[in-house]
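Enquirer: Quick one: the structure is below, questions incoming.
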Amino acid sequence: MSLPLTGAGPSAGFTPAYDPFAASIVHAYEPARRVLTSYTGNLVRLRRASDNAEADFGFTGSGNLNVAAIAAWAGGASYVVTVYDQAPAGDDVTQAVAANQPLYVAAIQNGHAGMRLNGTSHWLRGAFTTGGALSQPFSVFAVAALDAVAVDDGAEHAVFDSDDVTNRMQTGQRTQAGADTWTLYAGAVLNGPASDDSRNIWSVLFNGASSQFWINEVSAVSGDAGAHNPDGLTLGADKNAVNCWDGDISSHVICDPSLSDAQRVAMQIAMNSYWGVY
């Protein structure tokens, strides 16, 4: 059974955080809040654990997810079925199989909502059927945290990738002979620093031999990550729906064309002002 539940519209004077970058944002998945003025739909669809009923939830006058409505409806645990794409393309990421749905968490970071993945079976996926394939250079931003038990565990954990093997944009932990590292891949492997269990705001510029990776505004690595242009997204796993993310994911935003360096800094600041990561 589907029971649509949408919060009130935004209050007067409310300005979504990512409006300054709207011209470049092609996909925006952030279930905790409305991030673009142009978006008026729901933020997330959940499945109630008690009876498997599903419902959509929107935002309140503050622009935040209507967590009170969720709490009243769920009365316990609930799981993420769909995170709605707030960009004009509307290419949502979804998971129909109950066992593969991430756990919804009302206060995952700084009092705001997100989802928690178990490292073995949780992931969401969607094709860019409306938005179409990305074109390098493009920028990707994510707010995520790897669980401490997964750090340097000799296993790969992808926070995001494409939806097929043809064109990819993977970022996550990669196994190494020494300490496991954060790694970018869009046709070529670009290894970064050792992985950690900190909550991070990641900014990635996929730009072939001139790709770059920043963590919490600090440059982590630059070099060749390959020239792939993906046409879909897997959030919380790799293109084969394995090597799943073990930890939290709060936000995932894609900008094409890529942001300038000044815009990248401003975007990370805007994300951090809400999520309080660093």
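Labels for the structure tokens follow display order: chains A, B, ..., residues from 1 in each chain, ligands from 1.
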Name all residues at most 10 Å from segment 21-29 of chain A (count only C-alpha atoms; drop same-chain ones fewer than 3 positions away) and give them as a PyMOL selection string.

Expert: chain A and resi 17-18+32-38+43-44+82-93+128+131-132+134+138-142+233+235+250-259+263-264+266-267

Enquirer: Which segment 189-278 of chain A residues have any atom within 12 Å of an atom of segment 108-113 of chain A, and for each, what is the nearest pair of atoms with distance in Å to one decimal, counting only C-alpha atoms, rows sorted by chain and number, as JSON lines?

Expert:
{"residue": "A:Ser198", "atom": "CA", "partner": "A:Gln109", "partner_atom": "CA", "distance": 11.7}
{"residue": "A:Arg199", "atom": "CA", "partner": "A:Gln109", "partner_atom": "CA", "distance": 8.7}
{"residue": "A:Asn200", "atom": "CA", "partner": "A:Gln109", "partner_atom": "CA", "distance": 11.0}
{"residue": "A:Gly247", "atom": "CA", "partner": "A:Ile108", "partner_atom": "CA", "distance": 10.4}
{"residue": "A:Asp248", "atom": "CA", "partner": "A:Ile108", "partner_atom": "CA", "distance": 7.6}
{"residue": "A:Ile249", "atom": "CA", "partner": "A:Ile108", "partner_atom": "CA", "distance": 8.8}
{"residue": "A:Ser250", "atom": "CA", "partner": "A:Ala113", "partner_atom": "CA", "distance": 7.3}
{"residue": "A:Ser251", "atom": "CA", "partner": "A:Ala113", "partner_atom": "CA", "distance": 10.0}
{"residue": "A:Met271", "atom": "CA", "partner": "A:Asn110", "partner_atom": "CA", "distance": 11.7}
{"residue": "A:Asn272", "atom": "CA", "partner": "A:Asn110", "partner_atom": "CA", "distance": 10.0}
{"residue": "A:Ser273", "atom": "CA", "partner": "A:Asn110", "partner_atom": "CA", "distance": 9.9}
{"residue": "A:Tyr274", "atom": "CA", "partner": "A:Asn110", "partner_atom": "CA", "distance": 7.6}
{"residue": "A:Trp275", "atom": "CA", "partner": "A:Asn110", "partner_atom": "CA", "distance": 5.6}
{"residue": "A:Gly276", "atom": "CA", "partner": "A:Asn110", "partner_atom": "CA", "distance": 6.0}
{"residue": "A:Val277", "atom": "CA", "partner": "A:Asn110", "partner_atom": "CA", "distance": 8.1}
{"residue": "A:Tyr278", "atom": "CA", "partner": "A:Asn110", "partner_atom": "CA", "distance": 11.2}

Enquirer: Pick out each residue of segment 17-221 of chain A that DSSP on the backbone tags as helix (DSSP H, G or I); I need them as a list in words.

Expert: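 So, restricting segment 17-221 of chain A to helix (DSSP H, G or I), we get Asp19, Pro20, Phe21, Val67, Ala68, Ala69, Ile70, Ala71, Ala72, Trp73, Ala74, Ala98, Ala99, Asn100, Ala148, Val149, Ala150, Gly208, Ala209 and Ser210 of chain A.
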
Enquirer: Any idea what's packed within 10 Å of Leu124 of chain A, counting only C-alpha atoms, ignoring anything in its chain fewer than 6 positions away? Could you give it as a ChimeraX atom specification?

Expert: /A:80-83,92-97,100-102,160,163,233-237,241

Enquirer: Using only N, CA and C atoms, please write the residues we just selected to a file, as a short mmCIF file (atom, residue, chain, number, x, y, z; two decimals), in the first residue's frame.

Expert:
data_model
loop_
_atom_site.label_atom_id
_atom_site.label_comp_id
_atom_site.auth_asym_id
_atom_site.auth_seq_id
_atom_site.Cartn_x
_atom_site.Cartn_y
_atom_site.Cartn_z
N VAL A 80 14.79 2.68 3.21
CA VAL A 80 14.74 3.57 2.06
C VAL A 80 14.44 2.78 0.79
N VAL A 81 13.32 3.10 0.16
CA VAL A 81 12.94 2.51 -1.12
C VAL A 81 13.45 3.36 -2.28
N THR A 82 13.27 4.69 -2.16
CA THR A 82 13.66 5.60 -3.24
C THR A 82 14.17 6.91 -2.65
N VAL A 83 15.25 7.42 -3.19
CA VAL A 83 15.66 8.80 -2.95
C VAL A 83 15.38 9.55 -4.24
N ASP A 92 15.52 9.26 -10.42
CA ASP A 92 15.56 8.78 -9.04
C ASP A 92 16.43 7.53 -8.91
N VAL A 93 16.92 7.27 -7.69
CA VAL A 93 17.59 6.01 -7.39
C VAL A 93 16.68 5.22 -6.45
N THR A 94 16.54 3.93 -6.71
CA THR A 94 15.54 3.16 -6.00
C THR A 94 16.01 1.73 -5.74
N GLN A 95 15.30 1.04 -4.85
CA GLN A 95 15.61 -0.35 -4.52
C GLN A 95 14.29 -1.05 -4.19
N ALA A 96 13.89 -1.96 -5.05
CA ALA A 96 12.61 -2.64 -4.87
C ALA A 96 12.69 -3.83 -3.92
N VAL A 97 13.87 -4.41 -3.76
CA VAL A 97 14.03 -5.61 -2.93
C VAL A 97 14.23 -5.21 -1.47
N ASN A 100 17.59 -5.41 0.33
CA ASN A 100 18.65 -4.56 -0.19
C ASN A 100 18.43 -3.07 0.11
N GLN A 101 17.40 -2.75 0.88
CA GLN A 101 17.07 -1.36 1.16
C GLN A 101 17.84 -0.84 2.38
N PRO A 102 18.51 0.31 2.26
CA PRO A 102 19.23 0.90 3.40
C PRO A 102 18.28 1.30 4.53
N PHE A 160 29.77 5.15 -4.35
CA PHE A 160 28.95 5.30 -5.55
C PHE A 160 29.72 4.78 -6.76
N ASP A 163 25.77 2.53 -13.15
CA ASP A 163 24.79 1.44 -13.07
C ASP A 163 25.12 0.30 -14.02
N LEU A 233 23.53 5.67 -12.05
CA LEU A 233 24.16 5.74 -10.73
C LEU A 233 23.77 4.54 -9.88
N THR A 234 24.76 3.92 -9.22
CA THR A 234 24.53 2.99 -8.13
C THR A 234 25.05 3.67 -6.87
N LEU A 235 24.19 3.86 -5.90
CA LEU A 235 24.55 4.54 -4.66
C LEU A 235 24.68 3.49 -3.56
N GLY A 236 25.91 3.31 -3.04
CA GLY A 236 26.15 2.37 -1.97
C GLY A 236 26.70 1.03 -2.40
N ALA A 237 27.12 0.91 -3.67
CA ALA A 237 27.71 -0.33 -4.16
C ALA A 237 28.39 -0.04 -5.49
N ALA A 241 26.54 -4.27 -8.07
CA ALA A 241 25.79 -4.31 -6.81
C ALA A 241 26.49 -5.20 -5.78
#

Enquirer: Enumerate the residues of segment 49-253 of chain A with a DSSP assignment of strand (DSSP E or B), computed from the backbone, and present them as a short mmCIF file (atom, residue, chain, number, x, y, z; two decimals) with C-alpha atoms, in the first residue's frame.

Expert:
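Resulting contents of states01.cif:
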data_model
loop_
_atom_site.label_atom_id
_atom_site.label_comp_id
_atom_site.auth_asym_id
_atom_site.auth_seq_id
_atom_site.Cartn_x
_atom_site.Cartn_y
_atom_site.Cartn_z
CA GLU A 54 5.33 2.24 1.68
CA ALA A 55 4.90 6.00 1.72
CA ASP A 56 6.45 9.15 0.25
CA PHE A 57 7.65 12.00 2.46
CA PHE A 59 9.66 18.69 3.36
CA ASN A 64 13.85 19.85 6.02
CA LEU A 65 12.48 16.34 5.64
CA SER A 78 11.82 1.96 8.23
CA TYR A 79 13.91 1.45 5.10
CA VAL A 80 14.74 3.57 2.06
CA VAL A 81 12.94 2.51 -1.12
CA THR A 82 13.66 5.60 -3.24
CA VAL A 83 15.66 8.80 -2.95
CA VAL A 93 17.59 6.01 -7.39
CA THR A 94 15.54 3.16 -6.00
CA LEU A 103 18.05 1.75 6.89
CA TYR A 104 16.49 5.20 7.31
CA VAL A 105 18.04 7.14 10.22
CA ALA A 106 16.27 10.30 11.42
CA ALA A 107 19.40 11.95 12.88
CA ILE A 108 22.41 10.52 11.11
CA GLN A 109 24.63 13.63 11.29
CA HIS A 112 19.66 15.56 10.03
CA ALA A 113 18.36 12.45 8.30
CA GLY A 114 20.20 9.98 6.09
CA MET A 115 20.59 6.30 5.42
CA ARG A 116 22.79 3.56 6.84
CA LEU A 117 24.09 0.70 4.69
CA ASN A 118 25.18 -2.70 5.98
CA LEU A 124 20.05 2.05 -4.65
CA ARG A 125 20.19 2.40 -8.43
CA GLY A 126 18.82 4.48 -11.28
CA ALA A 127 19.57 5.11 -14.94
CA PHE A 138 31.90 16.77 -14.35
CA SER A 139 31.88 17.23 -10.56
CA VAL A 140 30.52 14.87 -7.91
CA PHE A 141 29.93 15.72 -4.24
CA ALA A 142 29.09 13.25 -1.49
CA VAL A 143 28.64 13.27 2.28
CA ALA A 144 29.38 9.84 3.73
CA ALA A 145 31.13 7.93 6.52
CA LEU A 146 32.66 4.45 6.46
CA HIS A 157 33.47 -0.54 -0.38
CA ALA A 158 31.97 1.72 -3.05
CA VAL A 159 30.08 4.80 -1.95
CA PHE A 160 28.95 5.30 -5.55
CA ASP A 161 29.50 3.95 -9.05
CA GLN A 170 33.48 4.76 -8.75
CA THR A 171 34.66 6.30 -5.51
CA GLY A 172 35.24 4.39 -2.29
CA GLN A 173 37.70 2.20 -0.43
CA ARG A 174 40.01 0.01 -2.51
CA THR A 181 42.91 3.72 0.27
CA TRP A 182 40.26 6.00 -1.09
CA THR A 183 40.21 5.53 -4.85
CA LEU A 184 38.69 7.11 -7.95
CA TYR A 185 37.92 5.10 -11.09
CA VAL A 189 42.65 3.70 -11.10
CA LEU A 190 43.66 6.80 -9.13
CA ASN A 191 44.56 5.90 -5.56
CA GLY A 192 44.33 8.53 -2.85
CA PRO A 193 45.11 8.59 0.88
CA ALA A 194 44.42 5.82 3.39
CA ARG A 199 32.45 11.65 8.18
CA ASN A 200 33.70 13.31 5.01
CA ILE A 201 32.51 15.73 2.38
CA TRP A 202 34.07 14.49 -0.83
CA SER A 203 34.45 16.56 -3.97
CA VAL A 204 35.56 14.78 -7.14
CA LEU A 205 36.41 16.31 -10.50
CA PHE A 206 36.29 13.58 -13.13
CA SER A 211 41.03 14.40 -12.34
CA GLN A 212 41.12 15.64 -8.74
CA PHE A 213 39.80 14.59 -5.34
CA TRP A 214 39.25 16.79 -2.27
CA ILE A 215 38.24 15.69 1.22
CA VAL A 218 41.67 19.61 1.32
CA SER A 219 43.27 18.28 -1.86
CA ALA A 220 43.82 14.51 -1.52
CA VAL A 221 45.07 13.39 -4.94
CA SER A 222 45.17 14.41 -8.60
CA GLY A 223 45.96 12.48 -11.75
CA GLY A 232 23.42 5.94 -14.44
CA LEU A 233 24.16 5.74 -10.73
CA THR A 234 24.53 2.99 -8.13
CA LEU A 235 24.55 4.54 -4.66
CA CYS A 244 28.75 -2.46 -0.81
CA ASP A 246 29.43 -0.12 5.06
CA GLY A 247 28.31 3.06 6.82
CA ASP A 248 26.30 6.21 6.21
CA ILE A 249 25.37 8.21 3.12
CA SER A 250 23.72 11.61 3.49
CA SER A 251 24.10 13.38 0.15
CA HIS A 252 25.12 12.83 -3.46
CA VAL A 253 25.17 15.67 -6.01
#

Enquirer: Which polymer residues have any atom within 7 Å of an atom of Val151 of chain A, counting only C-alpha atoms, with same-chain residues fewer than 3 positions away left out, as a list in words?

Expert: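 Residues near the query, excluding close chain neighbours: Leu146, Asp147, Ala148, Ser195, Asp196 and Asp197 of chain A.
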
Enquirer: Between atom CA of Thr175 of chain A and atom CA of Asn207 of chain A, measure the distance and give it in Å to one decimal.

Expert: 23.5 Å

Enquirer: Return the single residue from A:Asn167, A:Thr40, A:Asn240, A:Ser260 that is closest to Pro137 of chain A, with distances computed using only C-alpha atoms.

Expert: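 The closest residue to Pro137 of chain A is A:Ser260.
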
Enquirer: Take atom CA of Ala133 of chain A and atom CA of Met169 of chain A and report the distance between them in Å, one decimal.

Expert: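 According to the coordinates, atom CA of Ala133 of chain A and atom CA of Met169 of chain A are separated by 11.7 Å.
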
Enquirer: As an exercise, work out the distance from atom CA of Gly63 of chain A to atom CA of Ala49 of chain A in Å and give it to one decimal place.

Expert: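 Computing the Euclidean distance for atom CA of Gly63 of chain A and atom CA of Ala49 of chain A yields 26.1 Å.
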